[in-house]
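A.B. asks: Got a structure for you, written out below as structure tokens; questions coming shortly.
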Amino acid sequence: MSAPSDTRETACRDIAEHATGYLDGALPPSENRRFRIHLSRCPFCTAYVEQMRTVSSALGGLSGEPLAPARRAELVAAFRGLGL
Amino acid sequence: MPVPLAGRSDADIVTALRAGDERTFAALVDGYSPTLIRVAMAYVPSRAVAEEVVQETWLAVMRGLDGFEGRSSLKTWVIRILTNLALRGGAREGRSVPFSSLEAEGPSVEADRFLPAGHDRWPGHWVLAPAAWPTPDEGLLAGETRAVIVEAIDALPAAQRIVITLRDIGGWPSEDVSDALGISAGNQRVLLHRARTKVRAAIERYHGAVQDLRPLMDRVTPEPPGGTARKSR
């Protein structure tokens, strides 16, 4: 016999609400198991979680602009001036 | 030419800096500044002021090198210096960022995209479900969706913007982010989740990638459209 919390079905709404915890591997083991069972049966939630994963990894390519060259040059000169 | 930082430990970098290794310093500035500028922009009104704060941060870092004890990671230490400087206010009106007022926001995905919790057949199941995006994953930043994504991030509340900047854009581990911002792991995750949810939703809106499941649900079927979420016995 498993605990009631293990037999209760996870709703799609809960999956959407905890997708980041799941992707971070931060869910407690029993919840993680329920999450995976739900995903194995639900193409919509599978798509949702995949899209969240996609967003996360795509953002890694969103490099910002560097510091303005003049400021960078000032900093390097200041570092040199420290005479470390 | 700056030397790459990848694979070098904090201790190694700090030792090089203390020895006056200019190339390591330049590499550190080049590697971290884009992320630092993004974070600073959550605190100050313009890009120019943000760059000024980042420049001050590096000056403070080089002066404070001897005091760095390695109890937190190097980047955590740098971010703390940055946020302190950004908040110091004065002429530039640095604004504080609330990291903890989360409860008021409600669910991250709109409730009307799901059946109600009390639904007799499929409680909490999608009604307006996500549909596939036409762009391949690797193309998200290539076309117009790049602007959609940047706009969505810029529109985020400051705390969410900072967390998604450090975690997803900067690639920082969650412990470093919660440590740098002085927030709990759970709080950090909620902020990241809300931020990612909004960016995902912006891409979805742009593509109109939503499928209405109601016509399927109206048919009498023993299983919900996705084959799941049936109420257990």
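Quick note on naming: the chains in the structure tokens go A, B, ... in the order shown, residues restart at 1 in each chain, and ligands are numbered from 1 in order of appearance.
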Please provide as a list in words all residues within 12 Å of Ala73 of chain A, with the sequence filter that same-chain residues fewer than 4 positions apart are discarded (counting only C-alpha atoms).

C.D. replies: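 Counting only C-alpha atoms, the residues come to Leu67, Ala68, Pro69, Ala77, Ala78, Phe79 and Arg80 of chain A; Glu22, Phe25, Ala26, Val29, Asp30 and Gln55 of chain B.
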
A.B. asks: Show which residues sit within 10 Å of segment 37-51 of chain A, as a PyMOL selection string. Count only C-alpha atoms, and ignore same-chain residues fewer than 2 positions away.

C.D. replies: (chain A and resi 9-16+18-20+22-23+31-35+53-57) or (chain B and resi 125-126+128-133+137+196-197+200-201+203-204+211+224-229)

A.B. asks: For the residues in the current selection, export N, CA and C atoms as a compact mmCIF listing (two decimals), in the first residue's frame.

C.D. replies:
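Writing the result to selection21.txt gives the following:
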# COMPACT_ATOMS: atom_id res chain seq x y z
N GLU A 9 -3.73 11.53 -8.15
CA GLU A 9 -3.17 11.94 -9.43
C GLU A 9 -2.75 13.40 -9.39
N THR A 10 -1.66 13.69 -10.06
CA THR A 10 -1.21 15.06 -10.15
C THR A 10 -1.94 15.73 -11.31
N ALA A 11 -2.51 16.89 -11.05
CA ALA A 11 -3.23 17.60 -12.10
C ALA A 11 -2.23 18.36 -12.98
N CYS A 12 -2.64 18.59 -14.24
CA CYS A 12 -1.80 19.34 -15.17
C CYS A 12 -1.42 20.70 -14.56
N ARG A 13 -2.37 21.29 -13.86
CA ARG A 13 -2.12 22.59 -13.28
C ARG A 13 -0.94 22.56 -12.29
N ASP A 14 -0.84 21.46 -11.53
CA ASP A 14 0.28 21.33 -10.58
C ASP A 14 1.61 21.12 -11.31
N ILE A 15 1.53 20.42 -12.42
CA ILE A 15 2.75 20.19 -13.21
C ILE A 15 3.28 21.54 -13.70
N ALA A 16 2.37 22.36 -14.25
CA ALA A 16 2.79 23.66 -14.77
C ALA A 16 3.38 24.52 -13.65
N HIS A 18 4.97 23.54 -10.99
CA HIS A 18 6.22 23.05 -10.40
C HIS A 18 7.28 22.64 -11.41
N ALA A 19 7.08 23.08 -12.65
CA ALA A 19 8.00 22.66 -13.72
C ALA A 19 9.45 23.04 -13.41
N THR A 20 9.66 24.21 -12.84
CA THR A 20 11.04 24.65 -12.58
C THR A 20 11.68 23.84 -11.46
N TYR A 22 10.96 20.78 -10.84
CA TYR A 22 11.25 19.49 -11.47
C TYR A 22 12.55 19.57 -12.28
N LEU A 23 12.67 20.60 -13.11
CA LEU A 23 13.86 20.74 -13.95
C LEU A 23 15.12 20.96 -13.11
N GLU A 31 7.16 13.27 -4.92
CA GLU A 31 6.55 14.19 -5.89
C GLU A 31 7.19 14.05 -7.25
N ASN A 32 8.50 13.84 -7.24
CA ASN A 32 9.22 13.68 -8.49
C ASN A 32 8.68 12.46 -9.25
N ARG A 33 8.37 11.42 -8.50
CA ARG A 33 7.85 10.20 -9.10
C ARG A 33 6.47 10.46 -9.72
N ARG A 34 5.63 11.14 -8.96
CA ARG A 34 4.29 11.44 -9.48
C ARG A 34 4.38 12.33 -10.72
N PHE A 35 5.31 13.24 -10.67
CA PHE A 35 5.55 14.15 -11.80
C PHE A 35 5.89 13.35 -13.06
N ARG A 53 12.16 24.04 -20.49
CA ARG A 53 13.57 23.66 -20.58
C ARG A 53 14.24 24.39 -21.75
N THR A 54 13.49 24.47 -22.86
CA THR A 54 14.00 25.14 -24.05
C THR A 54 14.28 26.62 -23.77
N VAL A 55 13.35 27.28 -23.09
CA VAL A 55 13.53 28.69 -22.75
C VAL A 55 14.80 28.84 -21.93
N SER A 56 14.94 28.00 -20.92
CA SER A 56 16.10 28.09 -20.04
C SER A 56 17.40 27.95 -20.82
N SER A 57 17.47 26.95 -21.70
CA SER A 57 18.75 26.74 -22.37
C SER A 57 18.99 27.79 -23.46
N HIS B 125 -7.13 19.66 -15.49
CA HIS B 125 -6.53 19.32 -16.79
C HIS B 125 -6.49 20.55 -17.70
N TRP B 126 -5.53 20.57 -18.61
CA TRP B 126 -5.46 21.67 -19.59
C TRP B 126 -6.77 21.81 -20.36
N LEU B 128 -6.74 24.99 -22.47
CA LEU B 128 -5.98 25.68 -23.50
C LEU B 128 -4.53 25.22 -23.34
N ALA B 129 -4.23 24.16 -24.06
CA ALA B 129 -2.95 23.48 -23.84
C ALA B 129 -1.84 24.06 -24.71
N PRO B 130 -0.58 23.86 -24.29
CA PRO B 130 0.52 24.33 -25.14
C PRO B 130 0.58 23.52 -26.43
N ALA B 131 0.85 24.20 -27.55
CA ALA B 131 1.06 23.52 -28.83
C ALA B 131 2.53 23.70 -29.20
N ALA B 132 2.97 22.89 -30.15
CA ALA B 132 4.39 22.95 -30.55
C ALA B 132 4.72 24.30 -31.16
N TRP B 133 5.95 24.76 -30.94
CA TRP B 133 6.43 26.00 -31.56
C TRP B 133 7.03 25.69 -32.92
N ASP B 137 14.33 24.50 -31.56
CA ASP B 137 14.86 25.03 -30.30
C ASP B 137 16.02 25.98 -30.50
N ARG B 196 10.60 32.46 -15.99
CA ARG B 196 10.59 31.56 -17.16
C ARG B 196 9.18 31.39 -17.72
N THR B 197 8.20 31.32 -16.81
CA THR B 197 6.82 31.15 -17.24
C THR B 197 6.39 32.31 -18.14
N ARG B 200 8.23 32.07 -21.52
CA ARG B 200 7.60 31.02 -22.32
C ARG B 200 6.26 31.49 -22.89
N ALA B 201 5.48 32.17 -22.03
CA ALA B 201 4.16 32.64 -22.46
C ALA B 201 4.28 33.68 -23.58
N ILE B 203 6.61 33.79 -25.89
CA ILE B 203 6.92 33.06 -27.13
C ILE B 203 5.65 32.38 -27.65
N GLU B 204 4.89 31.81 -26.73
CA GLU B 204 3.64 31.13 -27.09
C GLU B 204 2.65 32.10 -27.74
N GLN B 211 -3.54 25.16 -28.10
CA GLN B 211 -4.60 24.33 -28.68
C GLN B 211 -5.77 24.24 -27.70
N PRO B 224 -9.29 11.49 -21.08
CA PRO B 224 -9.13 12.88 -21.48
C PRO B 224 -8.25 12.94 -22.73
N PRO B 225 -8.23 14.06 -23.41
CA PRO B 225 -7.52 14.16 -24.69
C PRO B 225 -6.08 13.69 -24.64
N GLY B 226 -5.39 13.96 -23.55
CA GLY B 226 -4.00 13.54 -23.50
C GLY B 226 -3.84 12.13 -22.94
N GLY B 227 -4.94 11.52 -22.51
CA GLY B 227 -4.85 10.20 -21.95
C GLY B 227 -4.40 10.17 -20.50
N THR B 228 -4.67 11.27 -19.78
CA THR B 228 -4.18 11.30 -18.40
C THR B 228 -5.14 12.04 -17.49
N ALA B 229 -4.72 12.21 -16.27
CA ALA B 229 -5.42 13.03 -15.28
C ALA B 229 -6.80 12.50 -14.97

A.B. asks: Residues at most 12 Å from Ile153 of chain B, counting only C-alpha atoms, excluding those fewer than 2 positions away in the same chain, as a tab-separated table (two decimals) with C-alpha atoms, in the first residue's frame?

C.D. replies:
chain	number	residue	atom	x	y	z
A	55	VAL	CA	13.53	28.69	-22.75
A	59	LEU	CA	18.69	32.15	-22.72
A	62	LEU	CA	21.65	35.65	-24.95
B	38	ARG	CA	21.99	43.39	-16.83
B	39	VAL	CA	21.71	42.97	-13.08
B	41	MET	CA	19.89	47.71	-14.80
B	42	ALA	CA	17.30	46.23	-12.46
B	146	ARG	CA	14.86	37.01	-29.96
B	147	ALA	CA	13.23	40.43	-29.66
B	148	VAL	CA	10.13	38.83	-28.12
B	149	ILE	CA	12.31	37.16	-25.50
B	150	VAL	CA	14.36	40.27	-24.70
B	151	GLU	CA	11.19	42.34	-24.39
B	155	ALA	CA	9.21	43.64	-18.65
B	156	LEU	CA	9.76	41.34	-15.66
B	157	PRO	CA	9.64	42.65	-12.09
B	158	ALA	CA	13.20	43.44	-10.98
B	159	ALA	CA	13.68	40.45	-8.66
B	160	GLN	CA	12.55	37.99	-11.34
B	161	ARG	CA	14.69	39.72	-13.94
B	162	ILE	CA	17.79	39.45	-11.76
B	163	VAL	CA	17.25	35.78	-10.97
B	164	ILE	CA	16.62	34.71	-14.59
B	165	THR	CA	19.61	36.81	-15.68
B	168	ASP	CA	19.61	31.23	-17.34
B	169	ILE	CA	21.56	33.96	-19.11
B	192	LEU	CA	12.98	31.88	-11.60
B	194	ARG	CA	7.69	33.04	-12.63
B	195	ALA	CA	10.27	34.61	-14.90
B	196	ARG	CA	10.59	31.56	-17.16
B	197	THR	CA	6.82	31.15	-17.24
B	198	LYS	CA	6.40	34.69	-18.55
B	199	VAL	CA	9.12	34.31	-21.17
B	200	ARG	CA	7.60	31.02	-22.32
B	201	ALA	CA	4.16	32.64	-22.46
B	202	ALA	CA	5.50	35.52	-24.57
B	203	ILE	CA	6.92	33.06	-27.13

A.B. asks: Calculated over only C-alpha atoms, which of the candidates A:Pro28, A:Arg36, A:Ser63, A:Ala70 has the smallest distance to chain B?

C.D. replies: A:Ser63

A.B. asks: Counting only C-alpha atoms, which residue out of B:Ser108, B:Thr135, B:Asn187, B:Ser96 sits closest to chain A?

C.D. replies: B:Ser108

A.B. asks: Counting only C-alpha atoms, which of B:Arg113, B:Lys75, B:Arg121, B:His193 gets nearest to chain A?

C.D. replies: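 Once distances to chain A are computed over only C-alpha atoms, the minimum belongs to B:His193.
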
A.B. asks: In Å to one decimal, how far is atom CA of Thr24 of chain B from atom CA of Trp172 of chain B?

C.D. replies: 19.9 Å

A.B. asks: Suppose you want the space between atom CA of Tyr43 of chain B and atom CA of Gly186 of chain B; what is it in Å?

C.D. replies: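 Atom CA of Gly186 of chain B lies at a distance of 22.6 Å from atom CA of Tyr43 of chain B.
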
A.B. asks: Please list as a PyMOL selection string every residue within 9 Å of Leu181 of chain B, counting only C-alpha atoms and excluding residues in the same chain fewer than 2 positions away.

C.D. replies: chain B and resi 76+79-80+83+99+163+176-179+183-184+188

A.B. asks: Include C-alpha atoms and write out the residues we just selected as a PDB file, in the first residue's frame.

C.D. replies:
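Listed below is the output, result-v2.pdb:
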ATOM      1  CA  THR B  76      28.817  35.897  -5.451  1.00  0.00           C
ATOM      2  CA  ILE B  79      27.478  40.585  -7.209  1.00  0.00           C
ATOM      3  CA  ARG B  80      27.162  41.598  -3.555  1.00  0.00           C
ATOM      4  CA  THR B  83      24.127  45.420  -5.480  1.00  0.00           C
ATOM      5  CA  PHE B  99      12.793  39.736  -3.323  1.00  0.00           C
ATOM      6  CA  VAL B 163      17.251  35.777 -10.973  1.00  0.00           C
ATOM      7  CA  ASP B 176      25.341  30.847  -6.059  1.00  0.00           C
ATOM      8  CA  VAL B 177      22.259  32.859  -6.974  1.00  0.00           C
ATOM      9  CA  SER B 178      20.488  32.433  -3.634  1.00  0.00           C
ATOM     10  CA  ASP B 179      23.779  33.101  -1.835  1.00  0.00           C
ATOM     11  CA  ILE B 183      17.413  34.646  -0.469  1.00  0.00           C
ATOM     12  CA  SER B 184      16.324  31.066   0.218  1.00  0.00           C
ATOM     13  CA  GLN B 188      14.999  31.854  -5.729  1.00  0.00           C
TER      14      GLN B 188
END

A.B. asks: Out of B:Ala86, B:Ala209, B:Val49, B:Leu59, which residue has the shortest atom-to-atom distance to chain A when counting only C-alpha atoms?

C.D. replies: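 Of B:Ala86, B:Ala209, B:Val49, B:Leu59, the one nearest chain A is B:Leu59, counting only C-alpha atoms.
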
A.B. asks: Just list the residues in segment 6-198 of chain B DSSP gives strand (DSSP E or B) on the backbone, as a PyMOL selection string.

C.D. replies: chain B and resi 114+126+128-130

A.B. asks: So what do you get for atom CA of Arg214 of chain B versus atom CA of Val127 of chain B, distance-wise?

C.D. replies: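 According to the coordinates, atom CA of Arg214 of chain B and atom CA of Val127 of chain B are separated by 6.1 Å.
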
A.B. asks: For chain A, which of B:Leu74, B:Ala50, B:Val44, B:Leu87 is the closest residue, counting only C-alpha atoms?

C.D. replies: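 Under the stated criterion, the closest residue is B:Ala50.
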
A.B. asks: From the list A:Pro66, A:Gly81, A:Ser30, A:Gly25, which residue is nearest chain B when using only C-alpha atoms?

C.D. replies: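 When distances to chain B are compared using only C-alpha atoms, the smallest one comes from A:Pro66.
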
A.B. asks: Can you check which residues of chain A DSSP gives as helix (DSSP H, G or I) on the backbone and send them as a PyMOL selection string?

C.D. replies: chain A and resi 4-7+12-17+19-23+29-41+43-59+69-81

A.B. asks: Store the residues picked out above in a file with C-alpha atoms, as an mmCIF file, in the first residue's frame.

C.D. replies:
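And here's part06.cif as it stands now:
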data_model
loop_
_atom_site.group_PDB
_atom_site.id
_atom_site.type_symbol
_atom_site.label_atom_id
_atom_site.label_comp_id
_atom_site.auth_asym_id
_atom_site.auth_seq_id
_atom_site.Cartn_x
_atom_site.Cartn_y
_atom_site.Cartn_z
ATOM 1 C CA PRO A 4 -2.502 8.514 -0.152
ATOM 2 C CA SER A 5 -0.278 11.245 -1.542
ATOM 3 C CA ASP A 6 1.257 8.673 -3.898
ATOM 4 C CA THR A 7 -2.013 7.456 -5.323
ATOM 5 C CA CYS A 12 -1.795 19.343 -15.167
ATOM 6 C CA ARG A 13 -2.120 22.594 -13.276
ATOM 7 C CA ASP A 14 0.279 21.327 -10.582
ATOM 8 C CA ILE A 15 2.750 20.194 -13.213
ATOM 9 C CA ALA A 16 2.790 23.663 -14.766
ATOM 10 C CA GLU A 17 3.233 25.221 -11.330
ATOM 11 C CA ALA A 19 8.003 22.657 -13.717
ATOM 12 C CA THR A 20 11.036 24.654 -12.578
ATOM 13 C CA GLY A 21 11.402 22.655 -9.368
ATOM 14 C CA TYR A 22 11.253 19.494 -11.469
ATOM 15 C CA LEU A 23 13.864 20.736 -13.948
ATOM 16 C CA PRO A 29 11.351 11.980 -4.345
ATOM 17 C CA SER A 30 7.653 11.072 -4.018
ATOM 18 C CA GLU A 31 6.554 14.189 -5.886
ATOM 19 C CA ASN A 32 9.221 13.679 -8.491
ATOM 20 C CA ARG A 33 7.853 10.196 -9.102
ATOM 21 C CA ARG A 34 4.288 11.445 -9.481
ATOM 22 C CA PHE A 35 5.546 14.153 -11.799
ATOM 23 C CA ARG A 36 7.265 11.609 -14.046
ATOM 24 C CA ILE A 37 4.253 9.325 -14.104
ATOM 25 C CA HIS A 38 2.084 12.241 -15.160
ATOM 26 C CA LEU A 39 4.545 13.272 -17.878
ATOM 27 C CA SER A 40 4.684 9.719 -19.234
ATOM 28 C CA ARG A 41 0.937 9.913 -19.894
ATOM 29 C CA PRO A 43 1.632 14.996 -24.055
ATOM 30 C CA PHE A 44 0.502 18.511 -23.103
ATOM 31 C CA CYS A 45 2.477 18.645 -19.889
ATOM 32 C CA THR A 46 5.419 17.000 -21.619
ATOM 33 C CA ALA A 47 5.306 19.816 -24.186
ATOM 34 C CA TYR A 48 4.996 22.404 -21.429
ATOM 35 C CA VAL A 49 7.982 21.158 -19.452
ATOM 36 C CA GLU A 50 10.046 20.829 -22.638
ATOM 37 C CA GLN A 51 9.233 24.415 -23.583
ATOM 38 C CA MET A 52 10.341 25.587 -20.142
ATOM 39 C CA ARG A 53 13.566 23.656 -20.584
ATOM 40 C CA THR A 54 14.005 25.142 -24.050
ATOM 41 C CA VAL A 55 13.530 28.689 -22.750
ATOM 42 C CA SER A 56 16.098 28.090 -20.041
ATOM 43 C CA SER A 57 18.751 26.745 -22.375
ATOM 44 C CA ALA A 58 18.077 29.279 -25.147
ATOM 45 C CA LEU A 59 18.694 32.148 -22.724
ATOM 46 C CA PRO A 69 35.733 49.893 -24.413
ATOM 47 C CA ALA A 70 36.678 53.204 -22.764
ATOM 48 C CA ARG A 71 35.499 51.996 -19.344
ATOM 49 C CA ARG A 72 37.253 48.685 -19.815
ATOM 50 C CA ALA A 73 40.493 50.458 -20.725
ATOM 51 C CA GLU A 74 40.200 52.683 -17.639
ATOM 52 C CA LEU A 75 39.738 49.640 -15.435
ATOM 53 C CA VAL A 76 42.716 47.792 -16.850
ATOM 54 C CA ALA A 77 44.824 50.937 -16.418
ATOM 55 C CA ALA A 78 43.620 51.293 -12.825
ATOM 56 C CA PHE A 79 44.496 47.659 -12.152
ATOM 57 C CA ARG A 80 47.977 48.223 -13.569
ATOM 58 C CA GLY A 81 48.255 51.349 -11.416
#
